[in-house]
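Accompanying notes for the structure given below.
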Amino acid sequence: MAPSITKVALDTSPIENGEHKPSTITLEGSTLLADSHPFLTEVPANIIATPASNILVSSPDDHKLGNVITTGSFVGFESDEASSRHVVSIGKLEGIRFMSIFRFKVWWTTHWTGITGLDLEHETQLLVLENDPVISRPYVLILPIVEGPFRASLQPGPDHQVDVCVESGSTQVVGSSFRAVLYVDSGDDPFDLVRDAMKAVRVHLGTFRLLDEKDPPRVVDKFGWCTWDAFYLKVHPQGVWEGVEGLASGGCPPGFVLIDDGWQSICHDDDPITDQEGMNRTAAGEQMPCRLIKFEENYKFRDYKSPKGERSKGMGAFIRDLKNEFKSVEFVYVWHALLGYWGGIRPNVPGLPESKVIEPKLSKGLQMTMEDLAVDKIVNNRVGLVTPELAGEMYEGLHARLESVGIDGVKVDVIHLLEMLCEEYGGRVDLAKQYYKALTESVRKHFKGNGVIASMEHCNDFMLLGTETISLGRVGDDFWCTDPNGDPNGTFWLQGCHMVHCAYNSLWMGNFIHPDWDMFQSTHPCAEFHAASRAISGGPIYVSDCVGQHNFPLLKKIVLPDGTLLRCQYYALPTRDRLFDDPLHDGKTMLKIWNLNKYTGVIGAFNCQGGGWDRQARANRSASEYSHPVSCLTNPKDVEWSKGKTPISIKGVVIFAVYLLKAKQLKLLKLTEDIELALNSFDYELLIISPVKVLPEKLIQFAPIGLVNMLNSGGAVESLVLEDEKDSVKVGIRGTGELKAFASEKPKSCKIDGEEVAFNYEQCLITTDVPWNGSTSGLSEIEYLF
């Protein structure tokens, strides 16, 4: 039987809020065309392309998506034999530059480029072909999705072919006829192209919700501290207390604390179950064969005794004491794996749902990924899988306990394990649906529907099936302080890899989940490099500093005195001119990312050259020959001003005030006027780009820059009002420090919250010191009178 290509259990009706335009993707003979331009040739006869408008239907909930443009086509194929795994060519790709996102580890994806089908990597999740404005060829997106119980990915084929791999993950689930394993579309704007495609797939599948339909948890606006690099598995209440205390006393109070792995009750199968659960399992990797043996916290947290009273003890007492003592701490999250723990649930333990120990099976695609200690440990020691019918019972037991002791949310890790365990459970799609449904229901019940950070989740199964309510997730591999494989240069080149993972993955994942760029350590040799990227990422910012080891001058560039952040309005993405380049190991490309604040744009330039994916080694490797100074050009047009929920209108803007944060220089540029940047290895520059406005009566030009003591300077500007009749400009500022603004004339006076203050005017820059006003909003009103 052919897998279903329509949504199940949804009230369907013709799309009312979409644009039914003719498909831009057509199959003519053996050629796939985009707006009549060939992009794949020698397409086999069994390939089928169906205009999206012929398939898409809407549900009552889809009106929240806004306009759904259906100019793409769904692509499938017919096979002579039914199988659980098909690898089929969809045509030859030659001579067109592409960017892609592929799984380099089981859990993590990254950016990859090339010009032919042979250059593709296995387990490719997204493929974008470059446009050619000379011949008017548009950008083309090829997006593997799910159909019925099957899931698709792309991979290289022989003779420059692009192959689609369609697999169920279970030999018991077979199929031969497919109509929608790929969604293919084209457009003139690569960002809009990806966004619109995700909307179309959202309507088609009805199995997830886009980020635009959800709100991320409030931890994204709080400075955070994670216990992982500070303690690893040895985390304990006294250490958590001292960690929070140290940050607060240094003027960087965390609003969010994440207690990572090490708090749960675990043991190996051959360990006796005692009151000292997992006591000796504290070495790196030693915890991975362990299984969960109870929902309650382990002895370290269970034995906590509150100084507030003899009868007050355990995790609940500790969380209460922590929040009462440190008023900035509003949220405490804890870590757990999707299946309970790395090794799942131990069978035959009273009080836990029944589990079965299963040997994970890696698909052929996963066998092409990088060797990974976690995968090796899990495969060798197998996984205690709770049957999908009891997954809800597992999450209820775990989350109800956590909620009862004051935990506000969870970091759910080791997510992409189900595909290795699905042989007896209807295949990867059905098993994933059941688990994600149970997780979603539990999170809605116990953690306000969005109290989750998803991690180790980089695969289209999760994005398409697991994001109905989850709205925050990691978009990069772990922050590695040093190279786990022992390369001393990894202290540096791995940081560039991390940044590139996060920036390019966000182009795909940012449609489903708010991008989280992971923790870093403020004392790391590349700490400022990381801090600058986090500051403009638009996501949460949290560190994993060891207790008492902090770089407070750096932290105070990202954290306000109340533990909040100056967060961008959108999430950072690579600039358009960097999508198809290699910022890791071509020796010449600078990573450039852009984002938007309320009134300013920001460009971040980072020299990440020095290492990355090695196709022959099937691993990330140092490429020190490329680690040297590089340069690039940038201009105000690199900011995508019209994107996001709060776009910035630049209609009528002639000049932009561009402030180089590290160089401390102001440039006045037209929209397409370039400035050259040159950076040493693992160095950065941030450019605050502010559209210049005019007071018409006196023709005075003005543009706020922001608090230049903060890395996301422009994020401090909360309001901007030009009052021509009063010859004044009022700027609402959140935060404290050195405020700069461009003005073509020196103001007569400057007031902060109605009180006249001293200011400096030099080279068209007004500089004012803004004190912390201590209000709940943290806002100060600065008025310039001309």
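Each chain in the structure tokens gets a letter, A, B and so on, in the order shown; residues start at 1 in every chain, and ligands are counted from 1 in the order they appear.
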Once DSSP has gone over the backbone, tell me which residues of range 624-738 of chain A are in strand (DSSP E or B), as an MDAnalysis selection string. chainID A and resid 630:634 656:660 665:669 675:679 684:691 693:695 700:707 717:723 728:734 737:738
Output C-alpha atoms for every residue in the selection just made, as a CSV table (one decimal), in the first residue's frame.
chain,number,residue,atom,x,y,z
A,630,VAL,CA,41.2,37.4,6.1
A,631,SER,CA,39.3,40.4,4.9
A,632,CYS,CA,35.8,41.1,3.6
A,633,LEU,CA,33.5,43.8,2.4
A,634,THR,CA,30.2,44.7,4.0
A,656,PHE,CA,23.3,54.9,7.6
A,657,ALA,CA,25.4,55.6,10.7
A,658,VAL,CA,27.7,52.5,11.0
A,659,TYR,CA,29.6,52.2,14.3
A,660,LEU,CA,32.5,49.6,14.5
A,665,GLN,CA,34.9,54.2,14.6
A,666,LEU,CA,31.9,55.9,13.0
A,667,LYS,CA,31.3,55.6,9.3
A,668,LEU,CA,28.5,57.2,7.3
A,669,LEU,CA,27.5,54.9,4.4
A,675,ILE,CA,33.5,49.1,4.1
A,676,GLU,CA,36.4,46.7,4.2
A,677,LEU,CA,37.2,44.6,7.3
A,678,ALA,CA,40.4,42.7,8.0
A,679,LEU,CA,40.5,40.3,10.9
A,684,TYR,CA,35.7,39.6,15.3
A,685,GLU,CA,34.1,42.9,14.7
A,686,LEU,CA,30.5,44.1,15.4
A,687,LEU,CA,28.9,46.8,13.3
A,688,ILE,CA,25.9,48.7,14.6
A,689,ILE,CA,24.0,50.0,11.6
A,690,SER,CA,21.5,52.8,12.3
A,691,PRO,CA,19.3,54.4,9.7
A,693,LYS,CA,16.6,60.1,10.5
A,694,VAL,CA,16.1,63.9,10.0
A,695,LEU,CA,14.5,66.7,12.0
A,700,ILE,CA,19.5,67.8,11.6
A,701,GLN,CA,20.5,64.2,11.0
A,702,PHE,CA,20.3,61.8,13.9
A,703,ALA,CA,20.8,58.1,14.5
A,704,PRO,CA,21.0,56.2,17.8
A,705,ILE,CA,24.0,53.8,18.2
A,706,GLY,CA,23.3,52.5,21.7
A,707,LEU,CA,25.3,51.5,24.7
A,717,VAL,CA,17.5,51.4,22.1
A,718,GLU,CA,13.9,50.7,23.1
A,719,SER,CA,12.2,53.8,21.7
A,720,LEU,CA,13.0,56.7,19.4
A,721,VAL,CA,10.8,59.8,18.9
A,722,LEU,CA,11.8,62.9,16.8
A,723,GLU,CA,9.8,65.9,17.9
A,728,SER,CA,14.3,67.4,20.2
A,729,VAL,CA,15.0,63.7,20.0
A,730,LYS,CA,13.9,61.3,22.8
A,731,VAL,CA,15.6,57.9,23.0
A,732,GLY,CA,14.5,55.2,25.5
A,733,ILE,CA,17.5,53.2,26.7
A,734,ARG,CA,17.5,50.0,28.7
A,737,GLY,CA,26.9,52.7,30.4
A,738,GLU,CA,28.2,54.7,27.6
Range 522-586 of chain A near range 201-219 of chain A within 10 Å: what's each residue's closest atom pair and its distance in Å to one decimal, counting only C-alpha atoms, ordered by chain then ascending residue number, as a Markdown table?
| residue | atom | partner | partner_atom | distance |
| --- | --- | --- | --- | --- |
| A:Gly539 | CA | A:Val219 | CA | 9.3 |
| A:Pro540 | CA | A:Val219 | CA | 6.7 |
| A:Ile541 | CA | A:Val219 | CA | 9.0 |
| A:Tyr542 | CA | A:Val219 | CA | 9.7 |
| A:Thr564 | CA | A:Val219 | CA | 9.4 |
May I have the residues within 8 Å of Val162 in chain A as an MDAnalysis selection string, using only C-alpha atoms and disregarding those fewer than 5 positions away in the same chain? chainID A and resid 89:93 117:118 120 154:157
Take the residues that were just selected and, keeping N, CA, C and O atoms, output them as a PDB file, in the first residue's frame.
ATOM      1  N   SER A  89      17.812   8.132  -7.668  1.00  0.00           N
ATOM      2  CA  SER A  89      18.314   9.372  -8.260  1.00  0.00           C
ATOM      3  C   SER A  89      17.145  10.279  -8.630  1.00  0.00           C
ATOM      4  O   SER A  89      16.118   9.824  -9.147  1.00  0.00           O
ATOM      5  N   ILE A  90      17.312  11.583  -8.362  1.00  0.00           N
ATOM      6  CA  ILE A  90      16.305  12.554  -8.819  1.00  0.00           C
ATOM      7  C   ILE A  90      16.872  13.428  -9.944  1.00  0.00           C
ATOM      8  O   ILE A  90      16.215  14.369 -10.390  1.00  0.00           O
ATOM      9  N   GLY A  91      18.092  13.100 -10.411  1.00  0.00           N
ATOM     10  CA  GLY A  91      18.670  13.844 -11.518  1.00  0.00           C
ATOM     11  C   GLY A  91      20.109  14.239 -11.260  1.00  0.00           C
ATOM     12  O   GLY A  91      20.643  14.063 -10.158  1.00  0.00           O
ATOM     13  N   LYS A  92      20.739  14.777 -12.305  1.00  0.00           N
ATOM     14  CA  LYS A  92      22.148  15.157 -12.241  1.00  0.00           C
ATOM     15  C   LYS A  92      22.271  16.650 -11.952  1.00  0.00           C
ATOM     16  O   LYS A  92      21.589  17.476 -12.560  1.00  0.00           O
ATOM     17  N   LEU A  93      23.154  16.980 -11.010  1.00  0.00           N
ATOM     18  CA  LEU A  93      23.447  18.374 -10.664  1.00  0.00           C
ATOM     19  C   LEU A  93      24.892  18.671 -11.039  1.00  0.00           C
ATOM     20  O   LEU A  93      25.816  18.039 -10.527  1.00  0.00           O
ATOM     21  N   GLY A 117      26.368  17.059  -7.787  1.00  0.00           N
ATOM     22  CA  GLY A 117      25.757  16.073  -6.911  1.00  0.00           C
ATOM     23  C   GLY A 117      26.771  15.249  -6.161  1.00  0.00           C
ATOM     24  O   GLY A 117      26.517  14.810  -5.034  1.00  0.00           O
ATOM     25  N   LEU A 118      27.940  15.047  -6.763  1.00  0.00           N
ATOM     26  CA  LEU A 118      28.985  14.261  -6.124  1.00  0.00           C
ATOM     27  C   LEU A 118      29.511  14.937  -4.863  1.00  0.00           C
ATOM     28  O   LEU A 118      30.034  14.277  -3.965  1.00  0.00           O
ATOM     29  N   LEU A 120      27.744  16.402  -2.583  1.00  0.00           N
ATOM     30  CA  LEU A 120      26.818  16.286  -1.458  1.00  0.00           C
ATOM     31  C   LEU A 120      27.347  15.320  -0.405  1.00  0.00           C
ATOM     32  O   LEU A 120      28.139  14.419  -0.699  1.00  0.00           O
ATOM     33  N   LEU A 154      18.877  13.495   1.520  1.00  0.00           N
ATOM     34  CA  LEU A 154      19.607  13.522   0.255  1.00  0.00           C
ATOM     35  C   LEU A 154      21.021  13.004   0.461  1.00  0.00           C
ATOM     36  O   LEU A 154      21.567  13.063   1.560  1.00  0.00           O
ATOM     37  N   GLN A 155      21.627  12.519  -0.625  1.00  0.00           N
ATOM     38  CA  GLN A 155      22.993  12.024  -0.558  1.00  0.00           C
ATOM     39  C   GLN A 155      23.602  12.012  -1.959  1.00  0.00           C
ATOM     40  O   GLN A 155      22.885  12.137  -2.957  1.00  0.00           O
ATOM     41  N   PRO A 156      24.929  11.887  -2.046  1.00  0.00           N
ATOM     42  CA  PRO A 156      25.560  11.879  -3.370  1.00  0.00           C
ATOM     43  C   PRO A 156      25.271  10.580  -4.112  1.00  0.00           C
ATOM     44  O   PRO A 156      25.190   9.500  -3.508  1.00  0.00           O
ATOM     45  N   GLY A 157      25.105  10.687  -5.416  1.00  0.00           N
ATOM     46  CA  GLY A 157      24.925   9.517  -6.259  1.00  0.00           C
ATOM     47  C   GLY A 157      26.057   9.416  -7.264  1.00  0.00           C
ATOM     48  O   GLY A 157      26.914  10.311  -7.351  1.00  0.00           O
TER      49      GLY A 157
END
Per residue of range 185-304 of chain A within 6 Å of range 316-333 of chain A, what are the shortest atom pair and its distance in Å to one decimal, counting only C-alpha atoms, with rows by chain and residue number, as a Markdown table?
| residue | atom | partner | partner_atom | distance |
| --- | --- | --- | --- | --- |
| A:Pro254 | CA | A:Val329 | CA | 5.9 |
| A:Gly255 | CA | A:Val329 | CA | 4.1 |
| A:Phe256 | CA | A:Phe331 | CA | 4.8 |
| A:Val257 | CA | A:Val332 | CA | 4.8 |
| A:Leu258 | CA | A:Tyr333 | CA | 4.8 |
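Here the question is which of A:Tyr435, A:Phe492, A:Trp108, A:Phe759 gets nearest to Gly466 in chain A using only C-alpha atoms, and that residue is A:Tyr435.
Shell of Val757 in chain A at 9 Å, with only C-alpha atoms counted and residues fewer than 4 places along the chain excluded, is Ser749, Cys750, Lys751, Ile752, Thr768 and Asp769 of chain A.
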Rank A:Leu579, A:Asn551, A:Asp614, A:Gly604 by their smallest atom-to-atom distance to Gly251 in chain A, using only C-alpha atoms, and report the top residue only.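 Checking each of A:Leu579, A:Asn551, A:Asp614, A:Gly604 against Gly251 in chain A, counting only C-alpha atoms, the winner is A:Asn551.
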Determine the nearest neighbour of Gly344 in chain A from the options A:Ile415, A:Met499, A:Ile603, A:Leu465, counting only C-alpha atoms. A:Ile415
Could you list, as an MDAnalysis selection string, every residue within 7 Å of range 354-364 of chain A, counting only C-alpha atoms and ignoring same-chain residues fewer than 4 positions away? chainID A and resid 345:348 368 379 382:387 420:421
Export of prior selection with N, CA and C atoms as a tab-separated table (two decimals), in the first residue's frame:
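Result written to part.tsv:
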chain	number	residue	atom	x	y	z
A	345	ILE	N	15.73	3.35	30.42
A	345	ILE	CA	15.17	2.95	31.71
A	345	ILE	C	15.59	1.51	32.02
A	346	ARG	N	16.03	1.26	33.23
A	346	ARG	CA	16.41	-0.10	33.61
A	346	ARG	C	15.16	-0.97	33.74
A	347	PRO	N	15.16	-2.14	33.14
A	347	PRO	CA	13.98	-3.03	33.23
A	347	PRO	C	13.77	-3.55	34.64
A	348	ASN	N	12.52	-3.90	34.90
A	348	ASN	CA	12.13	-4.60	36.13
A	348	ASN	C	12.45	-3.82	37.40
A	368	MET	N	27.92	6.76	7.94
A	368	MET	CA	28.83	7.69	7.26
A	368	MET	C	29.15	8.91	8.11
A	379	VAL	N	25.53	2.11	21.58
A	379	VAL	CA	25.38	0.91	20.76
A	379	VAL	C	25.91	-0.32	21.49
A	382	ARG	N	23.54	-0.93	24.59
A	382	ARG	CA	22.12	-1.02	24.26
A	382	ARG	C	21.30	-0.03	25.08
A	383	VAL	N	20.01	0.04	24.78
A	383	VAL	CA	19.14	1.06	25.36
A	383	VAL	C	17.90	0.40	25.96
A	384	GLY	N	17.55	0.84	27.17
A	384	GLY	CA	16.32	0.38	27.81
A	384	GLY	C	15.15	1.24	27.35
A	385	LEU	N	14.45	0.78	26.33
A	385	LEU	CA	13.37	1.57	25.73
A	385	LEU	C	12.03	1.24	26.37
A	386	VAL	N	11.39	2.26	26.90
A	386	VAL	CA	10.01	2.12	27.35
A	386	VAL	C	9.12	2.00	26.12
A	387	THR	N	8.24	1.04	26.08
A	387	THR	CA	7.38	0.87	24.91
A	387	THR	C	6.62	2.17	24.65
A	420	MET	N	17.22	4.53	15.75
A	420	MET	CA	18.05	3.32	15.87
A	420	MET	C	17.32	2.19	16.58
A	421	LEU	N	16.13	2.46	17.10
A	421	LEU	CA	15.45	1.49	17.97
A	421	LEU	C	14.07	1.09	17.45
If we count only C-alpha atoms and set the cut-off at 10 Å, which residues sit around Phe150 in chain A, ignoring sequence neighbours fewer than 6 positions away in its own chain? Please answer as a PyMOL selection string. chain A and resi 3+84-86+165-170+173-175+178+181+427-430+461
Using all heavy atoms, can you write the selected residues to a file as a compact mmCIF listing (two decimals), in the first residue's frame?
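Saved file result18.txt follows:
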# COMPACT_ATOMS: atom_id res chain seq x y z
N PRO A 3 2.17 4.88 0.95
CA PRO A 3 1.99 5.72 2.14
C PRO A 3 1.06 6.88 1.85
O PRO A 3 1.01 7.41 0.74
CB PRO A 3 3.42 6.22 2.43
CG PRO A 3 4.33 5.26 1.73
CD PRO A 3 3.57 4.79 0.53
N SER A 84 11.93 -1.32 2.66
CA SER A 84 11.97 -0.39 3.80
C SER A 84 12.97 0.73 3.55
O SER A 84 12.99 1.71 4.30
CB SER A 84 12.36 -1.13 5.08
OG SER A 84 13.66 -1.71 4.95
N ARG A 85 13.77 0.60 2.49
CA ARG A 85 14.76 1.63 2.18
C ARG A 85 14.96 1.72 0.67
O ARG A 85 15.22 0.72 0.01
CB ARG A 85 16.10 1.33 2.85
CG ARG A 85 17.17 2.41 2.64
CD ARG A 85 18.43 2.08 3.45
NE ARG A 85 19.41 3.15 3.40
CZ ARG A 85 20.40 3.24 2.50
NH1 ARG A 85 20.52 2.27 1.57
NH2 ARG A 85 21.25 4.25 2.50
N HIS A 86 14.79 2.92 0.15
CA HIS A 86 15.01 3.17 -1.27
C HIS A 86 16.06 4.26 -1.44
O HIS A 86 16.03 5.27 -0.72
CB HIS A 86 13.72 3.64 -1.95
CG HIS A 86 12.60 2.66 -1.93
ND1 HIS A 86 12.40 1.73 -2.94
CD2 HIS A 86 11.61 2.45 -1.02
CE1 HIS A 86 11.33 1.00 -2.66
NE2 HIS A 86 10.84 1.42 -1.50
N CYS A 165 17.28 9.35 -0.35
CA CYS A 165 17.19 8.11 0.44
C CYS A 165 15.90 8.18 1.24
O CYS A 165 15.70 9.11 2.03
CB CYS A 165 18.40 7.98 1.36
SG CYS A 165 18.33 6.54 2.46
N VAL A 166 15.03 7.20 1.03
CA VAL A 166 13.74 7.16 1.71
C VAL A 166 13.70 5.87 2.53
O VAL A 166 13.82 4.77 1.97
CB VAL A 166 12.58 7.20 0.69
CG1 VAL A 166 11.24 7.12 1.40
CG2 VAL A 166 12.66 8.47 -0.15
N GLU A 167 13.55 5.99 3.85
CA GLU A 167 13.64 4.80 4.69
C GLU A 167 12.64 4.86 5.83
O GLU A 167 12.34 5.92 6.36
CB GLU A 167 15.06 4.64 5.23
CG GLU A 167 15.60 5.86 5.94
CD GLU A 167 17.11 5.79 6.16
OE1 GLU A 167 17.68 4.69 6.07
OE2 GLU A 167 17.72 6.84 6.42
N SER A 168 12.15 3.67 6.21
CA SER A 168 11.22 3.57 7.33
C SER A 168 11.94 3.25 8.62
O SER A 168 11.43 3.52 9.71
CB SER A 168 10.16 2.50 7.06
OG SER A 168 10.74 1.20 7.11
N GLY A 169 13.11 2.63 8.51
CA GLY A 169 13.86 2.22 9.70
C GLY A 169 13.47 0.86 10.22
O GLY A 169 14.06 0.38 11.19
N SER A 170 12.50 0.22 9.59
CA SER A 170 12.05 -1.11 10.02
C SER A 170 11.82 -1.98 8.82
O SER A 170 11.12 -1.60 7.87
CB SER A 170 10.76 -1.01 10.84
OG SER A 170 10.21 -2.29 11.08
N VAL A 173 8.23 -2.46 7.69
CA VAL A 173 7.46 -1.36 7.09
C VAL A 173 8.05 -1.07 5.71
O VAL A 173 9.16 -0.54 5.59
CB VAL A 173 7.52 -0.09 7.97
CG1 VAL A 173 6.71 1.03 7.33
CG2 VAL A 173 7.01 -0.40 9.37
N VAL A 174 7.31 -1.44 4.67
CA VAL A 174 7.83 -1.31 3.31
C VAL A 174 6.85 -0.49 2.45
O VAL A 174 5.68 -0.32 2.79
CB VAL A 174 8.06 -2.69 2.68
CG1 VAL A 174 9.10 -3.48 3.46
CG2 VAL A 174 6.76 -3.47 2.57
N GLY A 175 7.36 0.02 1.36
CA GLY A 175 6.54 0.77 0.43
C GLY A 175 7.22 0.84 -0.92
O GLY A 175 8.42 0.59 -1.05
N PHE A 178 5.60 6.62 -3.84
CA PHE A 178 5.74 7.85 -3.03
C PHE A 178 5.41 9.06 -3.90
O PHE A 178 5.78 9.11 -5.08
CB PHE A 178 7.16 7.97 -2.49
CG PHE A 178 7.60 6.79 -1.66
CD1 PHE A 178 8.18 5.67 -2.26
CD2 PHE A 178 7.38 6.77 -0.30
CE1 PHE A 178 8.57 4.58 -1.51
CE2 PHE A 178 7.77 5.67 0.46
CZ PHE A 178 8.36 4.57 -0.14
N VAL A 181 8.03 12.98 -1.02
CA VAL A 181 9.16 12.81 -0.10
C VAL A 181 10.09 14.02 -0.15
O VAL A 181 10.96 14.18 0.70
CB VAL A 181 9.96 11.53 -0.41
CG1 VAL A 181 9.13 10.30 -0.11
CG2 VAL A 181 10.47 11.51 -1.85
N GLY A 427 8.57 1.50 12.70
CA GLY A 427 9.49 2.37 11.97
C GLY A 427 9.74 3.68 12.69
O GLY A 427 9.11 4.02 13.69
N ARG A 428 10.68 4.45 12.14
CA ARG A 428 11.16 5.66 12.81
C ARG A 428 10.09 6.74 12.94
O ARG A 428 10.03 7.44 13.95
CB ARG A 428 12.39 6.21 12.07
CG ARG A 428 12.14 6.57 10.64
CD ARG A 428 13.43 6.87 9.88
NE ARG A 428 14.13 8.03 10.41
CZ ARG A 428 15.41 8.30 10.18
NH1 ARG A 428 16.13 7.45 9.45
NH2 ARG A 428 15.97 9.37 10.68
N VAL A 429 9.26 6.90 11.93
CA VAL A 429 8.26 7.97 11.96
C VAL A 429 7.19 7.66 12.99
O VAL A 429 6.84 8.53 13.82
CB VAL A 429 7.65 8.19 10.56
CG1 VAL A 429 6.46 9.15 10.64
CG2 VAL A 429 8.70 8.73 9.60
N ASP A 430 6.66 6.46 12.99
CA ASP A 430 5.59 6.12 13.94
C ASP A 430 6.10 6.14 15.38
O ASP A 430 5.40 6.62 16.29
CB ASP A 430 5.00 4.75 13.61
CG ASP A 430 4.05 4.80 12.42
OD1 ASP A 430 3.88 5.90 11.86
OD2 ASP A 430 3.50 3.75 12.04
N ASP A 461 13.34 14.38 11.22
CA ASP A 461 12.31 13.68 11.98
C ASP A 461 11.82 14.57 13.13
O ASP A 461 10.62 14.75 13.34
CB ASP A 461 12.84 12.38 12.62
CG ASP A 461 13.37 11.37 11.63
OD1 ASP A 461 14.24 11.75 10.83
OD2 ASP A 461 12.94 10.21 11.69
Between CA of Ile48 in chain A and CA of Ser186 in chain A, what is the distance, to one decimal in Å?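 For CA of Ile48 in chain A relative to CA of Ser186 in chain A, the distance reads 17.5 Å.
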With only C-alpha atoms as the atoms that count, which of A:Ile55, A:Leu33, A:Ala663, A:Ala535 lies nearest to Trp594 in chain A?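 Between A:Ile55, A:Leu33, A:Ala663, A:Ala535, the residue approaching Trp594 in chain A most closely is A:Ala535.
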What's around Arg534 in chain A at 12 Å? Count only C-alpha atoms, leave out sequence neighbours fewer than 6 positions away in its own chain, and write the answer as a ChimeraX atom specification. /A:220,223,498-499,502-503,515-522,527-528,540-543,555,557-559,565-568,571-572,593,595,604,686,711-712
Using CA of Ala49 in chain A and CA of Thr171 in chain A as the two end points, give the distance in Å to one decimal.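 That distance, rounded to one decimal, is 27.2 Å.
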Between CA of Phe606 in chain A and CA of Asp581 in chain A, distance in Å (one decimal):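 Taking CA of Phe606 in chain A as the start and CA of Asp581 in chain A as the end point, the length is 13.8 Å.
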Taking the DSSP assignment computed from this structure's backbone, write out as a ChimeraX atom specification all residues of range 79-248 of chain A that belong to helix (DSSP H, G or I). /A:117-119,158-160,190-205,211-213,218-221,228-234,237-248
Counting only C-alpha atoms, which of A:Gly409, A:Gly365, A:Pro350, A:Gly510 gets nearest to Ser153 in chain A?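 Using only C-alpha atoms, Ser153 in chain A sits closest to A:Gly365.
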